[in-house]
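K.L.:
The file below is model-v8.cif, mmCIF, C-alpha atoms:
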```
data_work
#
loop_
_atom_site.label_atom_id
_atom_site.label_comp_id
_atom_site.auth_asym_id
_atom_site.auth_seq_id
_atom_site.Cartn_x
_atom_site.Cartn_y
_atom_site.Cartn_z
CA MET A 1 169.00 90.83 152.59
CA ALA A 2 169.13 89.07 149.26
CA ARG A 3 166.19 86.91 150.24
CA GLY A 4 164.09 89.90 151.25
CA SER A 5 164.71 91.82 148.07
CA SER A 6 163.79 88.85 145.86
CA GLY A 7 160.50 88.57 147.72
CA ILE A 8 159.79 92.24 147.13
CA VAL A 9 160.62 91.89 143.42
CA ALA A 10 158.38 88.82 143.17
CA GLY A 11 155.54 90.70 144.90
CA LEU A 12 155.89 93.72 142.65
CA THR A 13 156.01 91.49 139.54
CA ALA A 14 152.84 89.66 140.63
CA ALA A 15 151.05 92.97 141.32
CA ALA A 16 152.13 94.37 137.94
CA LEU A 17 150.99 91.20 136.16
CA ALA A 18 147.62 91.33 137.93
CA GLY A 19 147.20 94.99 136.90
CA VAL A 20 148.03 94.26 133.25
CA CYS A 21 145.58 91.32 133.21
CA PHE A 22 142.83 93.49 134.71
CA LEU A 23 143.41 96.26 132.14
CA ALA A 24 143.47 93.71 129.29
CA TYR A 25 140.16 92.27 130.50
CA GLN A 26 138.56 95.73 130.61
CA ALA A 27 139.83 96.56 127.13
CA SER A 28 138.55 93.31 125.63
CA ALA A 29 135.13 93.72 127.26
CA SER A 30 134.64 97.11 125.63
CA ALA A 31 136.21 96.29 122.24
CA PRO A 32 133.90 96.31 119.19
CA GLU A 33 133.20 92.90 117.66
CA THR A 34 135.20 93.77 114.54
CA VAL A 35 138.42 93.76 116.60
CA ALA A 36 137.54 91.04 119.10
CA ALA A 37 139.89 88.08 119.36
CA PRO A 38 139.20 85.25 116.90
CA SER A 39 137.68 82.13 118.40
CA ALA A 40 139.06 78.63 118.13
CA ASP A 41 136.96 75.97 116.43
CA ALA A 42 136.62 72.31 117.52
CA SER A 43 139.88 71.32 115.77
CA GLY A 44 141.82 73.89 117.80
CA THR A 45 142.60 76.11 114.85
CA THR A 46 141.79 79.75 115.06
CA ALA A 47 139.16 81.03 112.64
CA PRO A 48 139.63 84.49 111.15
CA PRO A 49 137.31 87.13 112.55
CA THR A 50 134.02 87.39 110.70
CA ARG A 51 132.24 90.62 109.92
CA LYS A 52 128.59 90.98 110.65
CA PRO A 53 126.67 91.25 107.38
CA LYS A 54 124.89 94.50 106.75
CA PRO A 55 121.18 94.18 107.39
CA ALA A 56 119.52 93.24 104.12
CA LYS A 57 116.76 95.34 102.70
CA LYS A 58 113.41 93.80 103.45
CA PRO A 59 112.76 91.41 100.57
CA LEU A 60 109.21 92.67 100.10
CA ALA A 61 110.03 96.36 100.47
CA VAL A 62 108.82 98.75 97.78
CA PRO A 63 111.55 98.90 95.10
CA ASP A 64 113.92 101.85 95.09
CA GLY A 65 113.42 104.17 92.14
CA SER A 66 109.66 103.57 91.98
CA GLY A 67 108.73 107.18 92.64
CA THR A 68 106.73 108.61 95.49
CA GLY A 69 103.13 109.09 96.47
CA THR A 70 100.06 106.97 95.89
CA ARG A 71 100.87 104.39 93.24
CA VAL A 72 100.90 100.81 92.05
CA VAL A 73 104.42 99.44 91.50
CA TYR A 74 104.96 96.55 89.10
CA ALA A 75 108.45 94.93 89.16
CA LEU A 76 108.95 93.00 85.95
CA LYS A 77 111.90 90.84 87.09
CA ASP A 78 110.39 90.04 90.49
CA ARG A 79 106.91 89.40 89.05
CA ARG A 80 105.48 91.36 91.97
CA VAL A 81 103.09 94.26 92.53
CA TRP A 82 102.94 96.69 95.45
CA ILE A 83 100.00 98.92 96.36
CA VAL A 84 101.55 102.01 97.97
CA ASP A 85 99.73 104.78 99.83
CA ASP A 86 100.59 108.50 99.99
CA LYS A 87 102.71 107.92 103.13
CA GLU A 88 105.01 105.49 101.26
CA LYS A 89 103.54 102.50 103.09
CA ALA A 90 103.04 99.30 101.12
CA LEU A 91 99.43 98.39 101.81
CA ARG A 92 99.76 95.06 100.01
CA THR A 93 102.23 93.17 97.84
CA PHE A 94 101.70 90.02 95.82
CA THR A 95 103.11 87.94 92.99
CA VAL A 96 101.73 88.10 89.46
CA MET A 97 102.07 86.18 86.22
CA PRO A 98 103.38 88.57 83.55
CA SER A 99 101.73 88.81 80.17
CA SER A 100 103.54 87.90 76.95
CA VAL A 101 103.76 91.65 76.19
CA SER A 102 105.27 93.81 78.92
CA PRO A 103 105.45 97.59 79.07
CA PRO A 104 108.90 99.17 79.31
CA PRO A 105 109.89 100.57 82.72
CA ASP A 106 108.24 103.97 83.10
CA ALA A 107 105.45 105.79 84.92
CA TYR A 108 101.92 105.28 83.59
CA GLN A 109 98.44 105.88 84.88
CA VAL A 110 95.28 103.82 84.95
CA THR A 111 93.40 104.66 81.76
CA SER A 112 90.39 102.33 81.93
CA ARG A 113 88.80 99.52 83.91
CA SER A 114 86.39 96.68 83.23
CA GLY A 115 84.54 94.63 85.83
CA SER A 116 84.23 91.32 84.01
CA ILE A 117 85.23 90.43 80.43
CA LYS A 118 86.88 87.72 78.37
CA GLY A 119 90.68 88.13 78.22
CA SER A 120 92.61 88.26 74.95
CA ASP A 121 93.60 84.65 75.68
CA GLY A 122 89.94 83.61 75.93
CA VAL A 123 89.93 83.23 79.72
CA PRO A 124 87.06 84.89 81.65
CA ILE A 125 88.65 87.61 83.80
CA GLU A 126 87.55 90.25 86.29
CA HIS A 127 88.74 93.52 87.77
CA VAL A 128 90.70 94.61 84.71
CA VAL A 129 92.85 97.70 85.35
CA ARG A 130 94.51 98.94 82.12
CA PHE A 131 97.49 101.26 82.20
CA ALA A 132 99.60 100.90 79.03
CA ASN A 133 99.56 100.09 75.31
CA VAL A 134 102.48 98.28 73.69
CA ASP A 135 102.40 97.56 69.95
CA ASP A 136 98.58 97.84 69.86
CA VAL A 137 98.25 95.49 72.86
CA SER A 138 96.46 96.84 75.90
CA VAL A 139 98.38 95.98 79.09
CA GLY A 140 96.66 95.74 82.44
CA PHE A 141 96.16 93.81 85.63
CA SER A 142 93.40 91.22 85.96
CA ALA A 143 92.38 88.06 87.76
CA ALA A 144 91.07 84.92 86.11
CA GLN A 145 87.62 84.09 87.44
CA ASP A 146 88.80 80.52 88.11
CA ASP A 147 91.71 81.99 90.16
CA SER A 148 94.33 80.46 87.83
CA MET A 149 97.62 82.15 87.01
CA GLU A 150 98.79 80.14 84.03
CA SER A 151 101.82 81.22 82.00
CA PRO A 152 100.68 82.99 78.84
CA ASP A 153 101.11 81.37 75.44
CA PRO A 154 104.33 83.01 74.16
CA THR A 155 103.04 82.85 70.58
CA MET A 156 100.06 85.09 71.45
CA LYS A 157 100.31 88.83 72.07
CA THR A 158 98.49 89.24 75.38
CA GLY A 159 98.68 92.09 77.86
CA GLY A 160 96.99 90.60 80.92
CA VAL A 161 99.16 90.63 84.05
CA ARG A 162 97.36 87.95 86.09
CA MET A 163 96.96 87.79 89.84
CA LYS A 164 94.89 85.87 92.37
CA ARG A 165 91.29 87.04 92.79
CA ALA A 166 91.83 88.40 96.31
CA ASP A 167 94.76 90.48 95.05
CA GLY A 168 92.68 91.58 92.05
CA ASN A 169 89.92 92.75 94.40
CA ALA A 170 92.39 94.83 96.41
CA LEU A 171 93.94 96.35 93.28
CA TRP A 172 90.48 97.09 91.81
CA THR A 173 89.51 99.01 94.94
CA PHE A 174 92.76 101.01 94.96
CA ALA A 175 93.62 101.61 91.30
CA THR A 176 90.90 103.88 89.96
CA VAL A 177 91.27 105.80 86.67
CA GLY A 178 94.19 108.24 86.93
CA VAL A 179 96.14 106.40 89.67
CA LYS A 180 99.86 106.18 88.89
CA VAL A 181 101.34 102.81 87.89
CA VAL A 182 105.13 102.60 87.96
CA VAL A 183 106.81 99.76 86.09
CA VAL A 184 110.35 98.97 87.22
CA PRO A 185 112.80 96.46 85.73
#
```
Any chance you could put this one into structure tokens?

P.N.:
Amino acid sequence: MARGSSGIVAGLTAAALAGVCFLAYQASASAPETVAAPSADASGTTAPPTRKPKPAKKPLAVPDGSGTGTRVVYALKDRRVWIVDDKEKALRTFTVMPSSVSPPPDAYQVTSRSGSIKGSDGVPIEHVVRFANVDDVSVGFSAAQDDSMESPDPTMKTGGVRMKRADGNALWTFATVGVKVVVVP
């Protein structure tokens, strides 16, 4: 009878082991990735589990803290402008070349516009949209008629925030007198 009982014990042990393996498989299949078993690399060592990075904010998204509603947003550090509609949708965004005089972060409004003039640096410009005055320097967006975006001479006090002509055309159409311009750091 000793042989028969050892066979029963072996059968029960095998059944129990199979049940435990099945339950372990089910548990691992439904476990979140943050607690999943670490994987082995090519050298055979086990790498620590990695966390999925949080999704990054879209790099060209309208900056937080730029207000709401129809507006032009000018980010000084990013050297970028956004044209934003009343539904908070960025209609267009583009890079700019800042002037040597920049307005402090704040909310402004378009005060005047000029179709085609000579800039304070002597460059023929178009689609001038003025929105601030800093130390008797008028600050506004414009496009050089030759489509250049040269760095301003740091020894001159200029207020022209330059952009490409196509971007200047879009801003000219959108930013009429009274439209809000928000400058962020």

K.L.:
Starting from the PyMOL selection byres ((chain A and resi 163) around 9), expand the selection into actual residues of this file and give them as number ranges by chain.

P.N.:
A: 94-97, 141-144, 147-149, 161-162, 164-168

K.L.:
Report as a ChimeraX atom specification all protein, DNA and RNA residues lying within 12 Å of region 109-124 of chain A, evaluated on only C-alpha atoms, omitting residues in the same chain fewer than 2 positions from it.

P.N.:
/A:70-73,99-101,106-107,126-133,137-162,168-169,171-183

K.L.:
Report, in Å to a single decimal, how far apart CA of Ala75 (chain A) and CA of Lys89 (chain A) are.

P.N.:
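Interatomic distance, CA of Lys89 (chain A) to CA of Ala75 (chain A): 16.6 Å.
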
K.L.:
For CA of Arg79 (chain A) and CA of Gly65 (chain A), determine how far apart the two atoms are, in Å to one decimal place.

P.N.:
16.4 Å

K.L.:
CA of Val184 (chain A) to CA of Pro105 (chain A): how many Å, to one decimal?

P.N.:
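CA of Val184 (chain A) sits 4.8 Å away from CA of Pro105 (chain A).
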
K.L.:
Using only C-alpha atoms - which residues lie no farther than 12 Å from the point (112.5, 100.9, 96.4) in the file's frame? Write them as a ChimeraX atom specification.

P.N.:
/A:57-68,73-75,82,84,88-90,182-185

K.L.:
Please produce region 150-162 of chain A, completed to N, CA, C and O atoms, as a tab-separated table (two decimals), in the coordinates of the input.

P.N.:
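result-v6.tsv was written with the following content:
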```tsv
chain	number	residue	atom	x	y	z
A	150	GLU	N	98.01	80.91	85.00
A	150	GLU	CA	98.79	80.14	84.03
A	150	GLU	C	99.75	81.06	83.27
A	150	GLU	O	99.45	82.22	83.02
A	151	SER	N	100.89	80.48	82.86
A	151	SER	CA	101.82	81.22	82.00
A	151	SER	C	101.13	81.49	80.67
A	151	SER	O	100.46	80.61	80.13
A	152	PRO	N	101.31	82.70	80.12
A	152	PRO	CA	100.68	82.99	78.84
A	152	PRO	C	101.34	82.23	77.70
A	152	PRO	O	102.51	81.87	77.78
A	153	ASP	N	100.58	81.99	76.65
A	153	ASP	CA	101.11	81.37	75.44
A	153	ASP	C	102.07	82.37	74.80
A	153	ASP	O	101.65	83.46	74.41
A	154	PRO	N	103.36	82.05	74.69
A	154	PRO	CA	104.33	83.01	74.16
A	154	PRO	C	104.11	83.36	72.69
A	154	PRO	O	104.64	84.35	72.21
A	155	THR	N	103.30	82.55	71.99
A	155	THR	CA	103.04	82.85	70.58
A	155	THR	C	101.91	83.85	70.41
A	155	THR	O	101.70	84.37	69.32
A	156	MET	N	101.16	84.12	71.50
A	156	MET	CA	100.06	85.09	71.45
A	156	MET	C	100.50	86.41	72.07
A	156	MET	O	101.24	86.41	73.05
A	157	LYS	N	100.04	87.51	71.50
A	157	LYS	CA	100.31	88.83	72.07
A	157	LYS	C	99.19	89.16	73.05
A	157	LYS	O	98.11	89.55	72.64
A	158	THR	N	99.49	88.93	74.35
A	158	THR	CA	98.49	89.24	75.38
A	158	THR	C	99.07	90.25	76.36
A	158	THR	O	100.28	90.28	76.59
A	159	GLY	N	98.23	91.05	76.95
A	159	GLY	CA	98.68	92.09	77.86
A	159	GLY	C	98.17	91.94	79.28
A	159	GLY	O	98.31	92.84	80.08
A	160	GLY	N	97.57	90.79	79.59
A	160	GLY	CA	96.99	90.60	80.92
A	160	GLY	C	98.01	90.14	81.94
A	160	GLY	O	98.53	89.03	81.85
A	161	VAL	N	98.29	90.99	82.93
A	161	VAL	CA	99.16	90.63	84.05
A	161	VAL	C	98.24	90.00	85.10
A	161	VAL	O	97.43	90.70	85.71
A	162	ARG	N	98.32	88.68	85.26
A	162	ARG	CA	97.36	87.95	86.09
A	162	ARG	C	97.78	87.89	87.55
A	162	ARG	O	98.95	87.81	87.88
```
